[in-house]
Each structure stands twice: as C-alpha cells, then as structure tokens.
$ cat work.txt   # compact mmCIF, C-alpha atoms
# COMPACT_ATOMS: atom_id res chain seq x y z
CA GLY A 1 105.93 77.05 77.18
CA ASP A 2 104.87 75.03 80.16
CA SER A 3 101.31 73.73 80.16
CA VAL A 4 98.93 71.31 81.86
CA THR A 5 96.14 69.35 80.17
CA GLN A 6 93.29 67.79 82.11
CA MET A 7 90.42 65.62 81.03
CA GLU A 8 87.26 67.59 80.45
CA GLY A 9 84.36 67.29 82.83
CA PRO A 10 82.00 67.02 84.30
CA VAL A 11 82.74 63.59 85.67
CA THR A 12 79.63 62.08 87.24
CA LEU A 13 79.98 59.06 89.52
CA SER A 14 77.90 57.18 92.03
CA GLU A 15 79.05 57.09 95.63
CA GLU A 16 81.78 54.48 96.29
CA ALA A 17 82.82 54.36 92.63
CA PHE A 18 86.47 54.50 91.55
CA LEU A 19 87.74 57.87 90.36
CA THR A 20 90.43 58.72 87.83
CA ILE A 21 91.06 62.23 86.56
CA ASN A 22 93.75 62.36 83.90
CA CYS A 23 96.44 65.04 83.88
CA THR A 24 99.41 65.40 81.53
CA TYR A 25 101.96 68.16 81.41
CA THR A 26 104.52 69.79 79.16
CA ALA A 27 107.54 71.35 80.79
CA THR A 28 111.30 71.37 80.56
CA GLY A 29 113.29 69.94 83.40
CA TYR A 30 111.67 68.47 86.45
CA PRO A 31 108.69 70.45 87.64
CA SER A 32 106.82 69.86 90.87
CA LEU A 33 103.25 68.64 90.35
CA PHE A 34 100.11 69.37 92.35
CA TRP A 35 96.43 68.71 92.62
CA TYR A 36 94.28 71.51 93.99
CA VAL A 37 90.58 71.21 94.86
CA GLN A 38 87.92 73.90 94.92
CA TYR A 39 84.78 73.09 96.89
CA PRO A 40 81.65 75.16 96.15
CA GLY A 41 81.97 78.65 97.60
CA GLU A 42 85.50 78.08 98.89
CA GLY A 43 89.02 78.95 97.83
CA LEU A 44 91.48 76.61 96.17
CA GLN A 45 93.08 74.12 98.55
CA LEU A 46 96.17 72.02 98.00
CA LEU A 47 95.12 68.37 97.90
CA LEU A 48 98.45 66.66 97.25
CA LYS A 49 101.82 67.19 95.62
CA ALA A 50 104.87 65.35 94.26
CA THR A 51 108.24 66.96 93.72
CA LYS A 52 110.21 64.34 91.78
CA ALA A 53 109.72 61.44 89.41
CA ASP A 54 108.03 58.33 90.87
CA ASP A 55 106.92 60.22 93.98
CA LYS A 56 103.38 59.45 95.08
CA GLY A 57 101.35 62.20 96.68
CA SER A 58 98.41 61.20 98.85
CA ASN A 59 95.79 62.86 101.02
CA LYS A 60 92.21 62.14 102.11
CA GLY A 61 92.20 58.87 100.16
CA PHE A 62 93.34 60.55 96.93
CA GLU A 63 96.59 59.53 95.26
CA ALA A 64 98.66 60.62 92.28
CA THR A 65 102.02 59.35 91.02
CA TYR A 66 104.55 61.53 89.19
CA ARG A 67 105.29 59.66 85.94
CA LYS A 68 108.17 61.28 84.10
CA GLU A 69 108.13 58.81 81.22
CA THR A 70 104.50 59.58 80.36
CA THR A 71 104.54 63.19 81.70
CA SER A 72 101.42 62.38 83.71
CA PHE A 73 100.04 62.91 87.20
CA HIS A 74 96.63 61.23 87.22
CA LEU A 75 94.43 61.63 90.29
CA GLU A 76 92.78 58.51 91.71
CA LYS A 77 90.52 57.59 94.59
CA GLY A 78 89.22 54.13 95.32
CA SER A 79 85.80 55.07 96.69
CA VAL A 80 84.38 58.54 96.21
CA GLN A 81 81.91 60.22 98.54
CA VAL A 82 79.28 62.87 97.91
CA SER A 83 81.49 65.28 99.83
CA ASP A 84 84.20 64.88 97.16
CA SER A 85 82.07 66.81 94.68
CA ALA A 86 84.23 69.76 93.66
CA VAL A 87 86.43 71.09 90.87
CA TYR A 88 89.89 69.56 90.71
CA PHE A 89 92.87 71.37 89.19
CA CYS A 90 96.17 69.84 88.19
CA ALA A 91 99.13 72.25 88.32
CA LEU A 92 102.87 72.40 87.91
CA SER A 93 105.64 74.67 89.11
CA ARG A 94 109.22 75.03 87.88
CA SER A 95 109.95 77.83 90.28
CA SER A 96 109.30 78.48 93.92
CA TYR A 97 106.41 80.79 93.25
CA LYS A 98 104.51 80.45 89.98
CA LEU A 99 101.83 77.80 89.54
CA ILE A 100 100.58 76.80 86.08
CA PHE A 101 97.11 75.27 86.22
CA GLY A 102 95.07 73.05 83.98
CA SER A 103 91.51 74.05 83.11
CA GLY A 104 89.95 72.03 85.91
CA THR A 105 87.68 68.99 86.06
CA ARG A 106 84.34 69.14 87.79
CA LEU A 107 83.41 66.01 89.77
CA LEU A 108 79.84 65.30 90.76
CA VAL A 109 79.20 62.36 93.07
CA ARG A 110 75.62 61.18 93.41
CA PRO A 111 74.31 59.30 96.46
CA ASP B 1 94.98 82.10 111.55
CA THR B 2 91.94 83.24 109.65
CA GLY B 3 93.24 82.43 106.20
CA VAL B 4 93.57 84.70 103.17
CA SER B 5 90.75 87.21 102.86
CA GLN B 6 89.70 89.25 99.85
CA ASP B 7 87.43 92.24 99.56
CA PRO B 8 85.03 92.72 97.94
CA ARG B 9 83.76 89.26 97.07
CA HIS B 10 81.79 90.61 94.13
CA LYS B 11 82.15 93.76 92.07
CA ILE B 12 79.96 94.93 89.21
CA THR B 13 81.17 97.96 87.30
CA LYS B 14 80.61 99.72 84.02
CA ARG B 15 83.16 99.67 81.25
CA GLY B 16 85.68 102.46 81.64
CA GLN B 17 85.47 102.67 85.42
CA ASN B 18 88.38 101.96 87.77
CA VAL B 19 88.19 99.21 90.38
CA THR B 20 90.42 98.22 93.28
CA PHE B 21 90.56 94.92 95.09
CA ARG B 22 92.17 94.16 98.41
CA CYS B 23 93.88 91.01 99.66
CA ASP B 24 94.89 90.32 103.27
CA PRO B 25 97.32 87.39 103.39
CA ILE B 26 97.93 85.06 106.27
CA SER B 27 99.93 86.99 108.81
CA GLU B 28 103.69 86.53 108.58
CA HIS B 29 103.50 85.12 105.06
CA ASN B 30 106.25 86.79 103.05
CA ARG B 31 104.93 85.95 99.61
CA LEU B 32 101.75 87.14 97.99
CA TYR B 33 100.39 86.20 94.57
CA TRP B 34 97.62 87.37 92.28
CA TYR B 35 95.95 85.07 89.74
CA ARG B 36 93.05 85.56 87.35
CA GLN B 37 90.52 82.84 86.59
CA THR B 38 88.01 83.06 83.76
CA LEU B 39 84.98 80.81 83.47
CA GLY B 40 85.89 77.22 82.73
CA GLN B 41 89.61 77.82 82.97
CA GLY B 42 92.25 77.37 85.61
CA PRO B 43 93.87 80.30 87.40
CA GLU B 44 96.54 82.23 85.47
CA PHE B 45 99.47 83.85 87.25
CA LEU B 46 99.47 87.65 87.23
CA THR B 47 102.09 88.86 89.68
CA TYR B 48 104.05 88.02 92.82
CA PHE B 49 105.40 89.93 95.81
CA GLN B 50 108.19 89.02 98.14
CA ASN B 51 107.39 91.23 101.14
CA GLU B 52 106.81 94.68 99.58
CA ALA B 53 108.82 94.03 96.41
CA GLN B 54 106.96 93.08 93.23
CA LEU B 55 109.33 90.55 91.69
CA GLU B 56 107.49 89.34 88.60
CA LYS B 57 104.64 90.47 86.42
CA SER B 58 102.98 88.34 83.78
CA ARG B 59 102.48 89.77 80.31
CA LEU B 60 98.78 89.28 81.10
CA LEU B 61 99.13 92.30 83.39
CA SER B 62 98.61 95.17 80.95
CA ASP B 63 99.44 98.81 81.72
CA ARG B 64 95.90 99.23 83.03
CA PHE B 65 96.67 96.89 85.91
CA SER B 66 98.74 97.84 88.92
CA ALA B 67 99.41 95.97 92.12
CA GLU B 68 100.96 97.15 95.34
CA ARG B 69 101.88 95.69 98.67
CA PRO B 70 102.84 98.56 100.95
CA LYS B 71 104.77 97.55 104.04
CA GLY B 72 104.66 93.94 102.95
CA SER B 73 101.25 93.29 104.46
CA PHE B 74 97.99 93.59 102.51
CA SER B 75 97.97 94.05 98.75
CA THR B 76 95.78 95.93 96.32
CA LEU B 77 95.11 95.23 92.66
CA GLU B 78 93.77 98.15 90.65
CA ILE B 79 92.31 97.96 87.17
CA GLN B 80 91.94 101.24 85.34
CA ARG B 81 89.50 101.86 82.49
CA THR B 82 87.95 98.43 82.84
CA GLU B 83 87.00 96.46 79.74
CA GLN B 84 84.50 93.63 79.36
CA GLY B 85 87.42 91.25 78.87
CA ASP B 86 88.53 92.00 82.43
CA SER B 87 85.50 90.12 83.77
CA ALA B 88 86.93 87.22 85.78
CA MET B 89 87.59 85.91 89.27
CA TYR B 90 90.69 87.52 90.78
CA LEU B 91 92.43 85.23 93.25
CA CYS B 92 94.97 86.10 95.86
CA ALA B 93 97.26 83.61 97.56
CA SER B 94 100.02 83.79 100.12
CA SER B 95 102.81 81.54 101.30
CA PRO B 96 105.71 81.59 103.71
CA GLY B 97 109.26 81.53 102.35
CA GLY B 98 112.14 83.91 102.31
CA LEU B 99 113.81 85.47 99.31
CA LEU B 100 116.29 82.65 98.96
CA ALA B 101 113.83 79.81 99.40
CA ARG B 102 114.14 77.43 96.49
CA SER B 103 111.61 74.80 97.40
CA TYR B 104 107.94 75.18 96.78
CA ASN B 105 105.94 76.66 99.62
CA GLU B 106 102.26 75.77 99.66
CA GLN B 107 100.15 78.64 98.43
CA PHE B 108 97.01 79.35 100.44
CA PHE B 109 94.26 80.87 98.35
CA GLY B 110 91.57 83.35 99.26
CA PRO B 111 87.94 83.03 98.11
CA GLY B 112 88.47 85.46 95.23
CA THR B 113 86.83 88.64 93.98
CA ARG B 114 84.43 88.15 91.09
CA LEU B 115 84.50 91.12 88.73
CA THR B 116 81.75 91.74 86.19
CA VAL B 117 82.26 94.55 83.70
CA LEU B 118 79.07 95.63 81.95

$ encode --input "work.txt" --output "structure tokens"
Amino acid sequence: GDSVTQMEGPVTLSEEAFLTINCTYTATGYPSLFWYVQYPGEGLQLLLKATKADDKGSNKGFEATYRKETTSFHLEKGSVQVSDSAVYFCALSRSSYKLIFGSGTRLLVRP
Amino acid sequence: DTGVSQDPRHKITKRGQNVTFRCDPISEHNRLYWYRQTLGQGPEFLTYFQNEAQLEKSRLLSDRFSAERPKGSFSTLEIQRTEQGDSAMYLCASSPGGLLARSYNEQFFGPGTRLTVL
C-alpha cells in the first residue's frame, strides 16, 4: 500500500543554519505531496504542496520539489529561525480526501 | 472563521467506559475527516464525511467506533468499551469541496482530543 518515510528526528540546528528533512514515498500513479507543520500546542497546518512531478512547493522560505524519479519530496530552508521549531510531517494523497502521513520529524532550532 | 474546534481537548477514562468527542468544522465546509495519531507517529485516516454522508471508513475503525455528522454540520466520534490501545490523539479536519470535486482541497485541522485510557 501507499506509504511515506521520513528521516527520524529530532533534528537540532543553530539559528540561520540550512535545513533538509528527507521524505520518500511509495505509491502507484501520481500522488499529490504535502508538508504539514505542527507547532507546539497547535493543530496541523499545511506548509506547502506539489501536485505533479517537478513541481516545487514553497511557503515561508521552505521549499520542496516533487521528484518522481527518486520518489522524494525533501523539505529545505536556507536559514532556519527559532520560530521554525515544530514537528514536520510529509504526506501524500491519491484521492481528493485521504491523506497518508509519515511519522513526523521534530525540528529544534537553538538561538 | 474561527477554525476547526474540538471538544474536549483532553479526556481520561477507565477501560471499558464509553467516550464521545465532538468536532465543529469551519462553517460551510462540506467535508469532514477524522484521524488518529499515536505518540511518535503521523496521523492515520479513520473516516470521512461528505456533508452528512459517511463515505469511507478505515479498517482501523473497529465496531466499537462510530462516527456521525447529523445535518452535515458538527460531527461526533464515539468509542464504546474503551481499551488501553485506544489511547491516542484524535484529530478532526474539514475542507471545502463538493461531491464531484477531484482535486485536493486543503484540510484544516483542529487541535485534537487527547484520550488516555487507564
């Protein structure tokens, strides 16, 4: 069945460091891919998405490119801030309603 | 727009008791979803409503679980005869989109209800 694999955390970085969180997926066809973020005490929020191969999703300085050949959707940010500390979830959808999530990666950014 | 709300935020119960959770979606959102998230894992899909119709149920949703969405507004998720394995965060989400919508509609998540079964 469909699945998403994320790198395990926690990922600890200093402020202004470069961030990469790896995400790979297994699915038939051409799923849509997403990154969700969960800040402490808050609900999941959509961070960015890509709906077809080679699309790049971007938001708040974060980027991820849909790579069909490597079945990947790695999340990157050039310079992280303390306020980026959160749990990040990679997800896919092959339908208009069901999301399949990875296990999440906790990011801790130190001043 | 006050977002998706869930009640209660925390629930502690003893094994064998019944519990009910409520979700109020964003007004005018046609679709409503329930997910379950256990510690250290991502959310897992449980069920989905299009207005008042429950269109899909995951095999994770055993016979002890029942969800309703009367009148296509708020939804309730009931767990009967709770077990320790039911301890988890129960997430509700809603999105716009009619029955024939084929493209993904962003799902807006509530803060969740954390259930602890002793």

$ atom_distance --input "work.txt" --atom1 "CA of Thr116 in chain B" --atom2 "CA of Tyr90 in chain B"
10.9 Å

$ residues_around --input "work.txt" --residues "range 94-98 of chain A" --least-positions-apart "3" --cutoff "12 Å" --atoms "all atoms listed in the file" --output "JSON, numbers by chain"
{"A": [1, 2, 3, 25, 26, 27, 28, 29, 30, 31, 32, 33, 34, 51, 52, 91, 101], "B": [30, 31, 32, 33, 34, 35, 43, 44, 45, 46, 47, 48, 49, 50, 55, 56, 57, 58, 93, 94, 95, 96, 97, 98, 99, 100, 101, 102, 103, 104, 105, 106, 107, 108]}

$ residues_around --input "work.txt" --residues "Ser27 in chain B" --least-positions-apart "6" --cutoff "9 Å" --atoms "only C-alpha atoms" --output "list in words"
Asp1, Thr2, Gly3, Val4 and Ser73 of chain B

$ residues_near_point --input "work.txt" --point "(80.4, 64.0, 90.9)" --cutoff "6 Å" --atoms "all atoms listed in the file" --output "VMD selection string"
chain A and resid 11 to 13 85 107 to 109

$ atom_distance --input "work.txt" --atom1 "CA of Thr24 in chain A" --atom2 "CA of His74 in chain A"
7.6 Å

$ closest_residue --input "work.txt" --among "B:Gln41, B:Ser5, B:Asn18, B:Ser87" --to "Thr105 in chain A" --atoms "all atoms listed in the file"
B:Gln41

$ interface_residues --input "work.txt" --of "chain A" --to "chain B" --cutoff "6 Å" --atoms "all atoms listed in the file" --output "ChimeraX atom specification"
/A:42-44,96,101-104

$ atom_distance --input "work.txt" --atom1 "CA of Cys90 in chain A" --atom2 "CA of Glu69 in chain A"
17.7 Å

$ residues_around --input "work.txt" --residues "Met7 in chain A" --least-positions-apart "4" --cutoff "8 Å" --atoms "only C-alpha atoms" --output "list in words"
Ile21, Asn22, Cys23 and Thr105 of chain A

$ write_last_selection --input "work.txt" --atoms "C-alpha atoms" --output "PDB file, in the coordinates of the input"
ATOM      1  CA  ILE A  21      91.060  62.230  86.560  1.00  0.00           C
ATOM      2  CA  ASN A  22      93.750  62.360  83.900  1.00  0.00           C
ATOM      3  CA  CYS A  23      96.440  65.040  83.880  1.00  0.00           C
ATOM      4  CA  THR A 105      87.680  68.990  86.060  1.00  0.00           C
TER       5      THR A 105
END

$ residues_around --input "work.txt" --residues "Ala53 in chain B" --least-positions-apart "6" --cutoff "9 Å" --atoms "only C-alpha atoms" --output "list in words"
Glu68, Arg69, Pro70 and Gly72 of chain B

$ write_last_selection --input "work.txt" --atoms "C-alpha atoms" --output "compact mmCIF listing (two decimals), keeping the file's coordinate frame"
# COMPACT_ATOMS: atom_id res chain seq x y z
CA GLU B 68 100.96 97.15 95.34
CA ARG B 69 101.88 95.69 98.67
CA PRO B 70 102.84 98.56 100.95
CA GLY B 72 104.66 93.94 102.95

$ residues_near_point --input "work.txt" --point "(104.0, 63.4, 89.6)" --cutoff "7 Å" --atoms "only C-alpha atoms" --output "short mmCIF file (atom, residue, chain, number, x, y, z; two decimals) with C-alpha atoms, in the frame of the given file"
data_model
loop_
_atom_site.label_atom_id
_atom_site.label_comp_id
_atom_site.auth_asym_id
_atom_site.auth_seq_id
_atom_site.Cartn_x
_atom_site.Cartn_y
_atom_site.Cartn_z
CA LEU A 33 103.25 68.64 90.35
CA ALA A 50 104.87 65.35 94.26
CA THR A 51 108.24 66.96 93.72
CA LYS A 52 110.21 64.34 91.78
CA ALA A 53 109.72 61.44 89.41
CA ASP A 54 108.03 58.33 90.87
CA ASP A 55 106.92 60.22 93.98
CA LYS A 56 103.38 59.45 95.08
CA ALA A 64 98.66 60.62 92.28
CA THR A 65 102.02 59.35 91.02
CA TYR A 66 104.55 61.53 89.19
CA ARG A 67 105.29 59.66 85.94
CA SER A 72 101.42 62.38 83.71
CA PHE A 73 100.04 62.91 87.20
#

$ residues_around --input "work.txt" --residues "Val117 in chain B" --least-positions-apart "5" --cutoff "12 Å" --atoms "all atoms listed in the file" --output "PyMOL selection string"
chain B and resi 10-19+79-89

$ axis_aligned_box --input "work.txt" --around "range 25-40 of chain A" --padding-each-side "3 Å" --output "AutoDock Vina command-line options"
--center_x 97.5 --center_y 71.7 --center_z 88.0 --size_x 37.6 --size_y 13.0 --size_z 23.7

$ closest_residue --input "work.txt" --among "B:Lys71, B:Arg36, B:His29, B:Arg64" --to "Arg114 in chain B" --atoms "all atoms listed in the file"
B:Arg36
